[in-house]
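**Student:** Structure file final-v6.cif, mmCIF, C-alpha atoms, is pasted below:
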```cif
data_input
#
loop_
_atom_site.label_atom_id
_atom_site.label_comp_id
_atom_site.auth_asym_id
_atom_site.auth_seq_id
_atom_site.Cartn_x
_atom_site.Cartn_y
_atom_site.Cartn_z
CA MET A 1 0.00 0.00 0.00
CA ILE A 2 1.19 3.44 -0.87
CA ILE A 3 -0.01 4.88 2.39
CA GLY A 4 2.16 2.45 4.34
CA LYS A 5 5.19 3.51 2.35
CA ILE A 6 4.40 7.17 2.88
CA LEU A 7 3.95 6.82 6.60
CA GLN A 8 7.21 4.92 6.80
CA LEU A 9 8.85 7.70 4.90
CA ILE A 10 7.81 10.24 7.49
CA GLU A 11 10.05 8.42 9.93
CA HIS A 12 12.96 9.42 7.75
CA ILE A 13 12.04 13.02 7.16
CA PRO A 14 14.88 15.28 8.30
CA ALA A 15 14.52 16.74 11.76
CA PHE A 16 13.03 20.18 12.05
CA PRO A 17 15.87 22.69 12.37
CA THR A 18 16.44 23.18 16.09
CA VAL A 19 17.73 26.67 15.43
CA ILE A 20 14.19 27.79 14.55
CA LEU A 21 12.76 26.49 17.80
CA LYS A 22 15.61 27.80 19.93
CA ALA A 23 15.56 31.20 18.26
CA GLY A 24 11.81 31.34 18.81
CA GLU A 25 12.28 30.59 22.49
CA MET A 26 15.03 33.19 22.89
CA LEU A 27 13.02 35.83 21.09
CA LYS A 28 10.06 35.37 23.39
CA ASP A 29 12.11 37.14 26.01
CA ASP A 30 12.18 40.87 25.28
CA ASP A 31 15.62 40.97 26.83
CA TYR A 32 17.22 38.53 24.38
CA SER A 33 20.98 38.65 24.00
CA VAL A 34 22.18 39.83 20.61
CA ASN A 35 25.41 37.84 20.93
CA ALA A 36 23.74 34.59 21.92
CA LEU A 37 21.19 34.88 19.15
CA THR A 38 23.85 35.73 16.56
CA ASP A 39 25.87 32.67 17.58
CA LEU A 40 22.79 30.48 17.44
CA ILE A 41 21.85 31.53 13.91
CA LYS A 42 25.41 31.22 12.66
CA PHE A 43 25.46 27.67 13.96
CA ASP A 44 23.20 26.59 11.07
CA GLN A 45 25.02 27.79 7.97
CA ALA A 46 22.12 27.25 5.59
CA ILE A 47 19.80 29.27 7.78
CA ALA A 48 22.41 31.98 8.26
CA ALA A 49 22.91 32.30 4.51
CA ASN A 50 19.18 32.59 3.91
CA VAL A 51 18.75 35.11 6.70
CA LEU A 52 21.26 37.34 4.96
CA LYS A 53 19.65 36.91 1.56
CA MET A 54 16.22 37.79 2.90
CA SER A 55 17.11 40.53 5.32
CA ASN A 56 17.31 43.38 2.86
CA SER A 57 13.95 42.76 1.22
CA ALA A 58 11.60 45.72 1.07
CA TYR A 59 8.97 43.60 2.84
CA LEU A 60 11.05 43.67 6.01
CA SER A 61 12.06 47.26 5.26
CA PRO A 62 15.24 47.44 7.27
CA ARG A 63 16.35 51.02 7.79
CA HIS A 64 19.97 49.96 7.60
CA ARG A 65 21.72 47.86 5.02
CA ILE A 66 22.21 44.43 6.59
CA ARG A 67 25.54 42.78 5.90
CA THR A 68 26.05 40.36 8.77
CA ILE A 69 23.93 38.10 10.95
CA ARG A 70 24.69 40.41 13.83
CA ASP A 71 23.27 43.34 11.82
CA ALA A 72 20.16 41.30 11.15
CA VAL A 73 19.71 40.52 14.83
CA ILE A 74 20.17 44.17 15.75
CA TYR A 75 18.17 45.87 13.01
CA LEU A 76 15.35 43.56 12.02
CA GLY A 77 13.62 43.67 15.36
CA GLN A 78 12.12 40.87 17.38
CA GLU A 79 9.06 40.19 15.30
CA ASN A 80 10.69 40.25 11.87
CA LEU A 81 13.62 38.24 13.11
CA VAL A 82 11.40 35.36 14.22
CA LYS A 83 9.78 35.31 10.80
CA VAL A 84 13.05 35.49 8.90
CA VAL A 85 14.58 32.63 10.86
CA GLN A 86 11.45 30.52 10.43
CA MET A 87 11.40 31.09 6.70
CA ALA A 88 15.14 30.64 6.32
CA GLY A 89 14.90 27.22 7.98
CA VAL A 90 11.61 25.92 6.65
CA SER A 91 12.65 26.57 3.05
CA ARG A 92 14.91 23.50 3.13
CA PHE A 93 11.89 21.23 3.07
CA PHE A 94 10.85 22.81 -0.20
CA ALA A 95 14.26 22.82 -1.82
CA LYS A 96 13.95 19.51 -3.65
CA THR A 97 12.73 19.25 -7.20
CA GLY A 98 8.99 18.92 -7.08
CA ARG A 99 7.55 16.03 -9.03
CA GLY A 100 3.99 15.74 -10.26
CA TYR A 101 2.30 17.22 -7.28
CA VAL A 102 3.87 20.58 -7.68
CA SER A 103 4.92 21.85 -11.05
CA THR A 104 8.13 22.96 -9.43
CA ALA A 105 9.27 23.11 -5.82
CA HIS A 106 9.86 26.79 -6.39
CA GLU A 107 6.18 27.32 -7.14
CA LEU A 108 5.10 25.55 -3.99
CA TRP A 109 7.52 27.69 -2.03
CA GLU A 110 6.15 30.85 -3.63
CA HIS A 111 2.65 29.72 -2.69
CA SER A 112 3.81 29.02 0.88
CA VAL A 113 5.38 32.47 1.18
CA ALA A 114 2.21 34.03 -0.25
CA VAL A 115 0.01 32.23 2.30
CA ALA A 116 2.38 33.25 5.11
CA LEU A 117 2.23 36.92 4.05
CA MET A 118 -1.55 36.71 3.60
CA SER A 119 -1.92 35.16 7.05
CA GLN A 120 -0.32 38.25 8.55
CA ILE A 121 -2.50 40.62 6.53
CA LEU A 122 -5.50 38.77 7.99
CA ALA A 123 -4.02 38.66 11.48
CA ARG A 124 -3.49 42.41 11.49
CA LYS A 125 -7.07 42.93 10.41
CA ILE A 126 -8.76 40.32 12.59
CA LEU A 127 -6.50 39.84 15.62
CA LYS A 128 -5.09 43.39 15.43
CA ARG A 129 -1.56 42.04 15.58
CA ASP A 130 0.96 39.85 13.73
CA ASP A 131 1.09 36.25 14.85
CA GLU A 132 4.25 34.18 14.61
CA THR A 133 2.68 30.79 15.25
CA LEU A 134 0.18 31.50 12.51
CA TYR A 135 3.03 32.56 10.26
CA LEU A 136 4.90 29.30 10.75
CA ALA A 137 1.74 27.23 10.28
CA ALA A 138 0.97 29.11 7.06
CA LEU A 139 4.50 28.62 5.79
CA LEU A 140 4.33 24.87 6.44
CA HIS A 141 0.71 24.18 5.55
CA ASP A 142 1.49 22.29 2.32
CA VAL A 143 4.63 20.50 3.47
CA GLY A 144 2.74 17.22 3.05
CA LYS A 145 2.71 17.85 -0.69
CA MET A 146 6.48 17.69 -0.88
CA VAL A 147 6.47 14.19 0.59
CA MET A 148 3.47 13.11 -1.49
CA GLY A 149 5.05 14.44 -4.66
CA GLU A 150 8.09 12.23 -4.23
CA PHE A 151 6.22 9.00 -3.82
CA VAL A 152 2.88 9.12 -5.48
CA TYR A 153 4.11 10.28 -8.84
CA ASP A 154 2.31 7.48 -10.61
CA SER A 155 -0.98 8.12 -8.86
CA PHE A 156 -0.89 11.75 -9.68
CA GLY A 157 -2.41 11.36 -13.15
CA ILE A 158 -5.34 9.41 -11.71
CA ILE A 159 -5.93 12.09 -9.08
CA MET A 160 -5.90 14.87 -11.66
CA ASN A 161 -8.31 12.93 -13.86
CA MET A 162 -10.81 12.62 -11.02
CA VAL A 163 -10.45 16.33 -10.34
CA ALA A 164 -10.78 17.26 -14.03
CA ARG A 165 -14.03 15.31 -14.28
CA GLN A 166 -15.14 17.46 -11.34
CA SER A 167 -16.48 14.47 -9.49
CA HIS A 168 -14.02 14.91 -6.63
CA SER A 169 -12.28 17.72 -4.85
CA PHE A 170 -8.51 17.36 -4.86
CA LEU A 171 -8.57 16.21 -1.24
CA GLU A 172 -11.23 13.58 -1.89
CA ALA A 173 -9.29 12.28 -4.88
CA GLU A 174 -6.11 12.02 -2.81
CA GLU A 175 -7.93 10.02 -0.18
CA ALA A 176 -9.54 7.74 -2.75
CA VAL A 177 -6.31 7.02 -4.61
CA ILE A 178 -3.61 7.21 -1.95
CA GLY A 179 -5.50 6.67 1.27
CA ILE A 180 -4.47 9.95 2.85
CA ASN A 181 -4.61 13.59 1.80
CA HIS A 182 -1.67 15.98 1.79
CA ALA A 183 -3.11 17.98 4.69
CA ALA A 184 -3.43 14.97 6.98
CA LEU A 185 0.07 13.93 5.96
CA GLY A 186 1.34 17.39 6.86
CA GLY A 187 -0.23 16.92 10.29
CA LYS A 188 1.65 13.66 10.71
CA ILE A 189 4.90 15.37 9.76
CA ALA A 190 4.21 18.07 12.35
CA GLU A 191 3.61 15.32 14.90
CA ARG A 192 6.91 13.71 13.99
CA TRP A 193 8.55 17.10 14.58
CA ASN A 194 6.88 17.30 18.00
CA TYR A 195 5.11 20.41 17.00
CA PRO A 196 2.56 22.12 19.23
CA GLU A 197 -1.06 21.00 18.72
CA GLU A 198 -2.10 24.27 17.12
CA ILE A 199 0.37 23.94 14.24
CA LYS A 200 -0.37 20.26 13.81
CA ASN A 201 -4.08 20.99 13.61
CA ALA A 202 -3.60 23.86 11.20
CA LEU A 203 -1.71 21.58 8.80
CA THR A 204 -4.20 18.75 9.18
CA TYR A 205 -7.35 20.82 8.69
CA HIS A 206 -6.20 23.61 6.42
CA HIS A 207 -8.79 22.60 3.82
CA ARG A 208 -11.44 21.56 6.33
CA PRO A 209 -11.44 24.09 9.18
CA ASP A 210 -15.00 23.02 9.91
CA LEU A 211 -13.53 19.79 11.31
CA ALA A 212 -11.22 21.70 13.64
CA ARG A 213 -12.25 23.30 16.89
CA ASP A 214 -14.44 26.32 16.55
CA ASP A 215 -12.03 28.56 18.46
CA ASP A 216 -8.99 27.27 16.58
CA MET A 217 -8.15 30.64 15.03
CA ILE A 218 -4.87 29.48 13.51
CA THR A 219 -6.51 26.76 11.44
CA TRP A 220 -9.31 29.03 10.26
CA LEU A 221 -6.89 31.80 9.33
CA VAL A 222 -4.54 29.47 7.45
CA TYR A 223 -7.59 28.19 5.60
CA LEU A 224 -8.72 31.67 4.64
CA ALA A 225 -5.23 32.84 3.68
CA ASP A 226 -4.77 29.74 1.52
CA GLN A 227 -8.11 30.20 -0.27
CA ILE A 228 -7.37 33.84 -1.04
CA CYS A 229 -3.97 32.92 -2.48
CA LEU A 230 -5.47 30.11 -4.57
CA LEU A 231 -8.08 32.49 -5.97
CA ALA A 232 -5.52 35.18 -6.72
CA GLY A 233 -3.53 32.60 -8.70
CA PHE A 234 -0.64 31.97 -6.29
CA THR A 235 -1.45 28.30 -6.33
CA GLY A 236 1.84 26.47 -6.17
CA GLY A 237 0.41 23.18 -7.32
CA MET A 238 -1.84 21.37 -9.68
CA ASP A 239 -4.80 21.29 -7.32
CA GLY A 240 -5.57 24.93 -8.02
CA LEU A 241 -9.17 25.69 -7.19
CA ALA A 242 -10.39 22.12 -6.78
CA HIS A 243 -11.28 22.66 -3.13
CA ARG A 244 -14.64 22.87 -1.48
CA GLY A 245 -15.51 26.18 0.08
CA VAL A 246 -16.30 26.42 3.79
CA SER A 247 -18.47 29.49 3.83
CA ASP A 248 -18.70 29.82 7.64
CA VAL A 249 -15.30 31.45 7.53
CA MET A 250 -16.74 34.78 6.46
CA LYS A 251 -19.29 34.98 9.25
CA LYS A 252 -16.75 33.78 11.74
CA PHE A 253 -14.46 36.72 11.16
CA ASP A 254 -17.25 39.15 10.34
CA PHE A 255 -15.61 39.39 6.95
CA TYR A 256 -17.09 40.86 3.82
CA GLU A 257 -16.17 40.63 0.19
CA LYS A 258 -14.63 44.05 0.41
CA ASP A 259 -12.26 42.78 3.11
CA LEU A 260 -11.22 39.92 0.84
CA GLU A 261 -10.60 42.31 -2.02
CA LEU A 262 -8.54 44.65 0.15
CA GLY A 263 -6.58 41.64 1.40
CA MET A 264 -5.85 40.47 -2.14
CA MET A 265 -4.67 43.93 -3.09
CA GLN A 266 -2.33 44.10 -0.11
CA LEU A 267 -1.03 40.63 -0.92
CA VAL A 268 0.07 41.64 -4.41
CA GLU A 269 1.92 44.60 -2.95
CA ASP A 270 3.56 42.54 -0.18
CA LEU A 271 4.66 39.89 -2.66
CA GLN A 272 6.24 42.51 -4.88
CA HIS A 273 8.29 43.60 -1.88
CA ALA A 274 9.12 40.06 -0.86
CA ARG A 275 11.01 38.82 -3.90
CA GLU A 276 14.06 38.01 -1.78
CA LEU A 277 11.92 35.75 0.38
CA VAL A 278 10.68 33.83 -2.63
CA LEU A 279 14.11 33.60 -4.22
CA ILE A 280 15.90 31.79 -1.41
CA ILE A 281 14.94 28.54 -3.14
CA MET B 1 9.64 34.25 -30.92
CA SER B 2 9.80 35.68 -27.46
CA ASP B 3 7.37 35.45 -24.58
CA ILE B 4 6.40 38.67 -22.87
CA VAL B 5 4.99 37.77 -19.49
CA ILE B 6 2.20 39.82 -17.99
CA GLY B 7 2.08 39.51 -14.20
CA ILE B 8 -0.92 39.94 -11.95
CA ALA B 9 -2.36 43.48 -12.05
CA ASP B 10 -0.34 44.29 -15.15
CA LEU B 11 -0.88 44.91 -18.86
CA LYS B 12 1.34 44.96 -21.92
CA PHE B 13 0.91 45.50 -25.63
CA SER B 14 2.98 45.00 -28.74
CA ASN B 15 3.05 45.35 -32.51
CA ASN B 16 6.12 43.16 -32.90
CA ARG B 17 5.00 40.00 -34.66
CA ASN B 18 7.74 38.01 -32.98
CA ASP B 19 6.13 38.58 -29.59
CA VAL B 20 3.77 36.31 -27.71
CA LEU B 21 1.97 37.94 -24.81
CA VAL B 22 1.39 35.40 -22.04
CA THR B 23 -0.12 35.41 -18.57
CA TYR B 24 -0.04 32.54 -16.10
CA ALA B 25 -2.04 31.29 -13.15
CA LEU B 26 -5.38 32.95 -13.69
CA GLY B 27 -7.69 32.01 -10.85
CA SER B 28 -10.47 34.44 -10.09
CA CYS B 29 -8.50 37.06 -12.02
CA ILE B 30 -9.32 37.78 -15.65
CA ALA B 31 -7.18 38.08 -18.75
CA VAL B 32 -8.45 40.36 -21.51
CA ALA B 33 -6.68 39.83 -24.83
CA ILE B 34 -7.36 42.29 -27.63
CA TYR B 35 -6.04 42.27 -31.19
CA ASP B 36 -6.37 44.32 -34.33
CA PRO B 37 -5.65 41.99 -37.27
CA ALA B 38 -5.08 44.87 -39.72
CA ALA B 39 -2.67 46.87 -37.58
CA LYS B 40 -1.19 43.68 -36.06
CA VAL B 41 -1.38 45.20 -32.60
CA GLY B 42 -2.11 43.08 -29.56
CA GLY B 43 -2.60 43.84 -25.88
CA LEU B 44 -3.09 41.71 -22.78
CA LEU B 45 -4.36 42.67 -19.32
CA HIS B 46 -4.42 40.49 -16.17
CA TYR B 47 -6.67 42.24 -13.68
CA MET B 48 -7.52 41.02 -10.21
CA LEU B 49 -10.47 43.04 -8.92
CA PRO B 50 -13.65 44.48 -10.40
CA ASP B 51 -13.80 48.04 -9.18
CA SER B 52 -11.20 50.73 -8.51
CA SER B 53 -13.42 52.50 -5.98
CA LEU B 54 -11.83 50.07 -3.50
CA ASP B 55 -8.66 52.19 -3.48
CA ALA B 56 -8.33 55.18 -5.78
CA VAL B 57 -4.68 55.78 -4.93
CA LYS B 58 -3.80 52.19 -5.76
CA ALA B 59 -5.78 52.42 -8.98
CA ARG B 60 -3.69 55.37 -10.15
CA ALA B 61 -0.43 53.63 -9.29
CA THR B 62 -1.47 50.22 -10.62
CA PRO B 63 -4.36 50.64 -13.06
CA GLY B 64 -4.01 47.02 -14.21
CA MET B 65 -5.28 45.89 -10.80
CA PHE B 66 -8.92 46.74 -11.58
CA ALA B 67 -11.32 46.06 -14.45
CA ASP B 68 -12.58 49.64 -14.69
CA THR B 69 -9.11 51.20 -14.86
CA GLY B 70 -7.23 48.39 -16.62
CA ILE B 71 -9.61 47.77 -19.53
CA PRO B 72 -9.76 51.41 -20.75
CA LEU B 73 -5.99 51.69 -20.47
CA LEU B 74 -5.53 48.46 -22.44
CA PHE B 75 -7.68 49.76 -25.30
CA LYS B 76 -6.10 53.22 -25.27
CA SER B 77 -2.60 51.77 -25.33
CA CYS B 78 -3.46 49.71 -28.40
CA TYR B 79 -5.17 52.66 -30.12
CA ASN B 80 -1.94 54.58 -29.63
CA MET B 81 -0.17 51.86 -31.58
CA GLY B 82 -2.61 52.17 -34.45
CA ALA B 83 -5.34 49.75 -33.47
CA ASP B 84 -8.89 50.68 -34.43
CA LYS B 85 -11.87 50.00 -32.19
CA ARG B 86 -13.99 48.75 -35.10
CA ARG B 87 -11.48 46.04 -35.93
CA ILE B 88 -10.50 44.95 -32.45
CA ILE B 89 -11.12 41.32 -31.54
CA VAL B 90 -11.71 40.68 -27.82
CA LYS B 91 -11.07 37.39 -26.02
CA VAL B 92 -11.42 36.77 -22.33
CA ALA B 93 -10.39 34.02 -19.88
CA GLY B 94 -10.48 33.49 -16.12
CA GLY B 95 -12.93 34.43 -13.40
CA ALA B 96 -12.86 30.96 -11.82
CA SER B 97 -14.18 30.02 -8.39
CA ILE B 98 -13.48 27.32 -5.85
CA LEU B 99 -15.83 24.29 -5.74
CA ASP B 100 -19.25 24.62 -4.09
CA ASN B 101 -19.14 28.32 -4.49
CA THR B 102 -21.43 28.84 -1.53
CA ASN B 103 -22.09 32.52 -2.03
CA TYR B 104 -18.82 33.73 -0.65
CA PHE B 105 -15.52 34.33 -2.45
CA ARG B 106 -17.52 35.52 -5.42
CA ILE B 107 -14.61 37.51 -6.76
CA GLY B 108 -14.44 35.49 -9.98
CA GLU B 109 -18.11 36.16 -10.78
CA LYS B 110 -17.81 39.81 -9.85
CA ASN B 111 -14.81 40.15 -12.15
CA ILE B 112 -16.80 38.70 -15.04
CA MET B 113 -19.78 40.96 -14.34
CA ALA B 114 -17.61 44.06 -14.17
CA LEU B 115 -16.13 43.24 -17.54
CA ARG B 116 -19.51 42.68 -19.18
CA GLN B 117 -20.82 46.00 -17.85
CA ILE B 118 -17.83 47.94 -19.11
CA PHE B 119 -18.02 46.34 -22.54
CA TRP B 120 -21.77 46.81 -22.75
CA ARG B 121 -21.49 50.50 -21.92
CA ASN B 122 -18.79 50.95 -24.53
CA LYS B 123 -20.44 48.77 -27.18
CA VAL B 124 -17.59 46.30 -27.28
CA PHE B 125 -18.38 42.66 -28.06
CA ILE B 126 -16.55 39.67 -26.66
CA ASP B 127 -15.64 37.43 -29.57
CA ASN B 128 -14.86 34.38 -27.49
CA GLU B 129 -14.31 33.50 -23.85
CA ASP B 130 -13.39 30.76 -21.42
CA THR B 131 -14.62 31.97 -18.06
CA GLY B 132 -15.97 30.68 -14.74
CA GLU B 133 -15.61 27.02 -13.69
CA ASN B 134 -13.11 25.80 -11.12
CA TYR B 135 -9.70 25.64 -12.70
CA ASN B 136 -6.66 27.78 -13.29
CA ARG B 137 -5.77 28.99 -16.74
CA THR B 138 -2.84 30.30 -18.75
CA LEU B 139 -3.51 32.50 -21.78
CA ARG B 140 -1.22 33.20 -24.75
CA LEU B 141 -1.78 35.80 -27.46
CA ASP B 142 0.37 35.56 -30.56
CA VAL B 143 0.97 39.05 -31.93
CA ALA B 144 1.79 37.68 -35.40
CA ASP B 145 -1.73 36.40 -36.09
CA GLY B 146 -3.85 37.18 -33.02
CA LYS B 147 -4.24 33.53 -32.15
CA VAL B 148 -5.30 33.06 -28.51
CA VAL B 149 -4.77 29.76 -26.72
CA VAL B 150 -5.98 29.02 -23.21
CA LYS B 151 -4.47 26.15 -21.26
CA SER B 152 -6.28 24.82 -18.22
CA SER B 153 -4.59 23.49 -15.09
CA SER B 154 -5.50 19.94 -16.12
CA GLY B 155 -3.44 20.45 -19.26
CA THR B 156 -6.12 20.79 -21.96
CA LYS B 157 -5.52 23.49 -24.55
CA ARG B 158 -8.26 25.38 -26.30
CA GLU B 159 -8.05 28.00 -28.99
CA LEU B 160 -10.39 30.93 -28.47
#
```
Would you mind giving the structure from this file in structure tokens?
**Tutor:**
Amino acid sequence: MIIGKILQLIEHIPAFPTVILKAGEMLKDDDYSVNALTDLIKFDQAIAANVLKMSNSAYLSPRHRIRTIRDAVIYLGQENLVKVVQMAGVSRFFAKTGRGYVSTAHELWEHSVAVALMSQILARKILKRDDETLYLAALLHDVGKMVMGEFVYDSFGIIMNMVARQSHSFLEAEEAVIGINHAALGGKIAERWNYPEEIKNALTYHHRPDLARDDDMITWLVYLADQICLLAGFTGGMDGLAHRGVSDVMKKFDFYEKDLELGMMQLVEDLQHARELVLII
Amino acid sequence: MSDIVIGIADLKFSNNRNDVLVTYALGSCIAVAIYDPAAKVGGLLHYMLPDSSLDAVKARATPGMFADTGIPLLFKSCYNMGADKRRIIVKVAGGASILDNTNYFRIGEKNIMALRQIFWRNKVFIDNEDTGENYNRTLRLDVADGKVVVKSSSGTKREL
């Protein structure tokens, strides 16, 4: 069975970069030490390199030119620094060549970045603040697709046929053909990484927030951010729009079409300023 | 032959018959392709939202974002290159929705409606279209002969 193979594979997925978790912990303390944090980030060379590449993007709008990790720690500020480190580390799971499931790994990464940026546009509007846990969940929401893409290459044509005939949503077709959908698989990966419940749930239910807890804001917001990106055309995969709408989301956030339209507009602007974030892959 | 890519909220036009104007990943957004076969002038717009009243400042900076600012600019730009309204052929693709479009996220439909209103007011006819449904599209307009091909996310190609 394919599903057995996939679940086995999860056991071999590389560990989640500890630097991200440690940096997150350190940055929770307003009094974090610049030296300790600089040393921590430098410890993971791949992350450090990405942090530098991303730091001077207009999206993060540093007031100073950032040349070293120490500069980044000093000038980016607590909130941006958490996001940059998360993105710098998470990108490695998207760095392989995508097969079948995603037209290219780069496209899936661009979609992930778009959903992460959109999640913050929504958070600012709805929660009146940025939210780092939401950001990480949004960035990782499709990580299951990377694993699926590697191993269900042959099934992919069958899935797309079912979707093209419009008899199944993409998720339903995945379940019928493979036995598990990419969202549930993402949840299992999060579990393997010992992730907090809220991120695990957001990955698992990002297409079906109605199955998550009613007060699970992270899942609902990842769902909404994802749908907006899919509609706007930042799709990152072949599934495109083959997802069933969960209309409660609008009432839940007291959201109107105008809010969606304003969000889409902001997203295009943010993405234009975030080219460096997209280009680290 | 070279591809000129039109990004989201953008428009481009050309009278170079070696050019192909192309736009990718249309979801709820709409591509408007216009072509004058006599002047051999083509233009392509990829707009995202129906109405510029949402943000007038944005509309001035990025007119291609909205139907009501992007479409007039597209036509004017092609007139400036010698296209004539009476000869212009109009083809449209996009405006898709997610499945079970349960009366929210109606941006695709609204985009289509906005376009029809603008064309109706200006007595412009759509010669062919591939709109609505639930899939992503890519549209290519060949400036040499005005041929428009729409490719859906499932891989099928259709000439408009």
**Student:** For this structure, which residues satisfy the selection - the PyMOL selection byres ((chain A and resi 232) around 9) - when it is evaluated on the file as given? I want them as a list in words.
**Tutor:** Gln227, Ile228, Cys229, Leu230, Leu231, Gly233, Phe234, Thr235, Met264 and Val268 of chain A; Ile8, Ala25, Leu26, Gly27, Ser28, Cys29 and Met48 of chain B
**Student:** Pick out the closest residue to chain B from this set: A:Ile189, A:Val163, A:Leu117, A:Leu40. Count all atoms listed in the file.
**Tutor:**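 Going through A:Ile189, A:Val163, A:Leu117, A:Leu40 one by one, the smallest distance to chain B is for A:Val163.
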**Student:** Per residue of chain A within 8 Å of chain B, what are the shortest atom pair and its distance in Å to one decimal, counting all atoms listed in the file, with rows by chain and residue number, as JSON lines?
**Tutor:**
```
{"residue": "A:Met160", "atom": "CA", "partner": "B:Ser154", "partner_atom": "CA", "distance": 6.8}
{"residue": "A:Asn161", "atom": "CA", "partner": "B:Ser154", "partner_atom": "CA", "distance": 7.9}
{"residue": "A:Ala164", "atom": "CA", "partner": "B:Ser154", "partner_atom": "CA", "distance": 6.3}
{"residue": "A:Ser169", "atom": "CA", "partner": "B:Leu99", "partner_atom": "CA", "distance": 7.5}
{"residue": "A:Leu230", "atom": "CA", "partner": "B:Gly27", "partner_atom": "CA", "distance": 6.9}
{"residue": "A:Leu231", "atom": "CA", "partner": "B:Gly27", "partner_atom": "CA", "distance": 4.9}
{"residue": "A:Ala232", "atom": "CA", "partner": "B:Gly27", "partner_atom": "CA", "distance": 5.6}
{"residue": "A:Gly233", "atom": "CA", "partner": "B:Gly27", "partner_atom": "CA", "distance": 4.7}
{"residue": "A:Phe234", "atom": "CA", "partner": "B:Ala25", "partner_atom": "CA", "distance": 7.0}
{"residue": "A:Thr235", "atom": "CA", "partner": "B:Ala25", "partner_atom": "CA", "distance": 7.5}
{"residue": "A:Met238", "atom": "CA", "partner": "B:Ser153", "partner_atom": "CA", "distance": 6.4}
{"residue": "A:Gly240", "atom": "CA", "partner": "B:Asn136", "partner_atom": "CA", "distance": 6.1}
{"residue": "A:Leu241", "atom": "CA", "partner": "B:Ile98", "partner_atom": "CA", "distance": 4.8}
{"residue": "A:Ala242", "atom": "CA", "partner": "B:Leu99", "partner_atom": "CA", "distance": 5.9}
{"residue": "A:His243", "atom": "CA", "partner": "B:Leu99", "partner_atom": "CA", "distance": 5.5}
{"residue": "A:Arg244", "atom": "CA", "partner": "B:Leu99", "partner_atom": "CA", "distance": 4.6}
{"residue": "A:Gly245", "atom": "CA", "partner": "B:Asp100", "partner_atom": "CA", "distance": 5.8}
{"residue": "A:Val246", "atom": "CA", "partner": "B:Thr102", "partner_atom": "CA", "distance": 7.8}
{"residue": "A:Ser247", "atom": "CA", "partner": "B:Thr102", "partner_atom": "CA", "distance": 6.2}
{"residue": "A:Met250", "atom": "CA", "partner": "B:Tyr104", "partner_atom": "CA", "distance": 7.5}
{"residue": "A:Glu257", "atom": "CA", "partner": "B:Phe105", "partner_atom": "CA", "distance": 6.9}
{"residue": "A:Lys258", "atom": "CA", "partner": "B:Leu54", "partner_atom": "CA", "distance": 7.7}
{"residue": "A:Leu260", "atom": "CA", "partner": "B:Phe105", "partner_atom": "CA", "distance": 7.8}
{"residue": "A:Glu261", "atom": "CA", "partner": "B:Leu49", "partner_atom": "CA", "distance": 6.9}
{"residue": "A:Leu262", "atom": "CA", "partner": "B:Leu54", "partner_atom": "CA", "distance": 7.3}
{"residue": "A:Met265", "atom": "CA", "partner": "B:Met65", "partner_atom": "CA", "distance": 8.0}
{"residue": "A:Val268", "atom": "CA", "partner": "B:Ile8", "partner_atom": "CA", "distance": 7.8}
```
**Student:** Write out the residues from the selection above, keeping C-alpha atoms, as an mmCIF file, in the frame of the given file.
**Tutor:**
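Generated file (result21.cif):
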```
data_model
loop_
_atom_site.group_PDB
_atom_site.id
_atom_site.type_symbol
_atom_site.label_atom_id
_atom_site.label_comp_id
_atom_site.auth_asym_id
_atom_site.auth_seq_id
_atom_site.Cartn_x
_atom_site.Cartn_y
_atom_site.Cartn_z
ATOM 1 C CA MET A 160 -5.900 14.870 -11.660
ATOM 2 C CA ASN A 161 -8.310 12.930 -13.860
ATOM 3 C CA ALA A 164 -10.780 17.260 -14.030
ATOM 4 C CA SER A 169 -12.280 17.720 -4.850
ATOM 5 C CA LEU A 230 -5.470 30.110 -4.570
ATOM 6 C CA LEU A 231 -8.080 32.490 -5.970
ATOM 7 C CA ALA A 232 -5.520 35.180 -6.720
ATOM 8 C CA GLY A 233 -3.530 32.600 -8.700
ATOM 9 C CA PHE A 234 -0.640 31.970 -6.290
ATOM 10 C CA THR A 235 -1.450 28.300 -6.330
ATOM 11 C CA MET A 238 -1.840 21.370 -9.680
ATOM 12 C CA GLY A 240 -5.570 24.930 -8.020
ATOM 13 C CA LEU A 241 -9.170 25.690 -7.190
ATOM 14 C CA ALA A 242 -10.390 22.120 -6.780
ATOM 15 C CA HIS A 243 -11.280 22.660 -3.130
ATOM 16 C CA ARG A 244 -14.640 22.870 -1.480
ATOM 17 C CA GLY A 245 -15.510 26.180 0.080
ATOM 18 C CA VAL A 246 -16.300 26.420 3.790
ATOM 19 C CA SER A 247 -18.470 29.490 3.830
ATOM 20 C CA MET A 250 -16.740 34.780 6.460
ATOM 21 C CA GLU A 257 -16.170 40.630 0.190
ATOM 22 C CA LYS A 258 -14.630 44.050 0.410
ATOM 23 C CA LEU A 260 -11.220 39.920 0.840
ATOM 24 C CA GLU A 261 -10.600 42.310 -2.020
ATOM 25 C CA LEU A 262 -8.540 44.650 0.150
ATOM 26 C CA MET A 265 -4.670 43.930 -3.090
ATOM 27 C CA VAL A 268 0.070 41.640 -4.410
#
```
**Student:** Can you give me, as a PyMOL selection string, the residues this file yields under the PyMOL selection byres ((chain B and resi 80-82) around 12)?
**Tutor:** chain B and resi 12-16+35-43+73-79+83-88
**Student:** Around the point (18.7, 32.1, 11.3), in the coordinates given by the file, pick out the residues reaching within 9 Å, counting only C-alpha atoms, and return them as a PyMOL selection string.
**Tutor:** chain A and resi 19-20+23+37-38+40-52+69+81-82+84-89
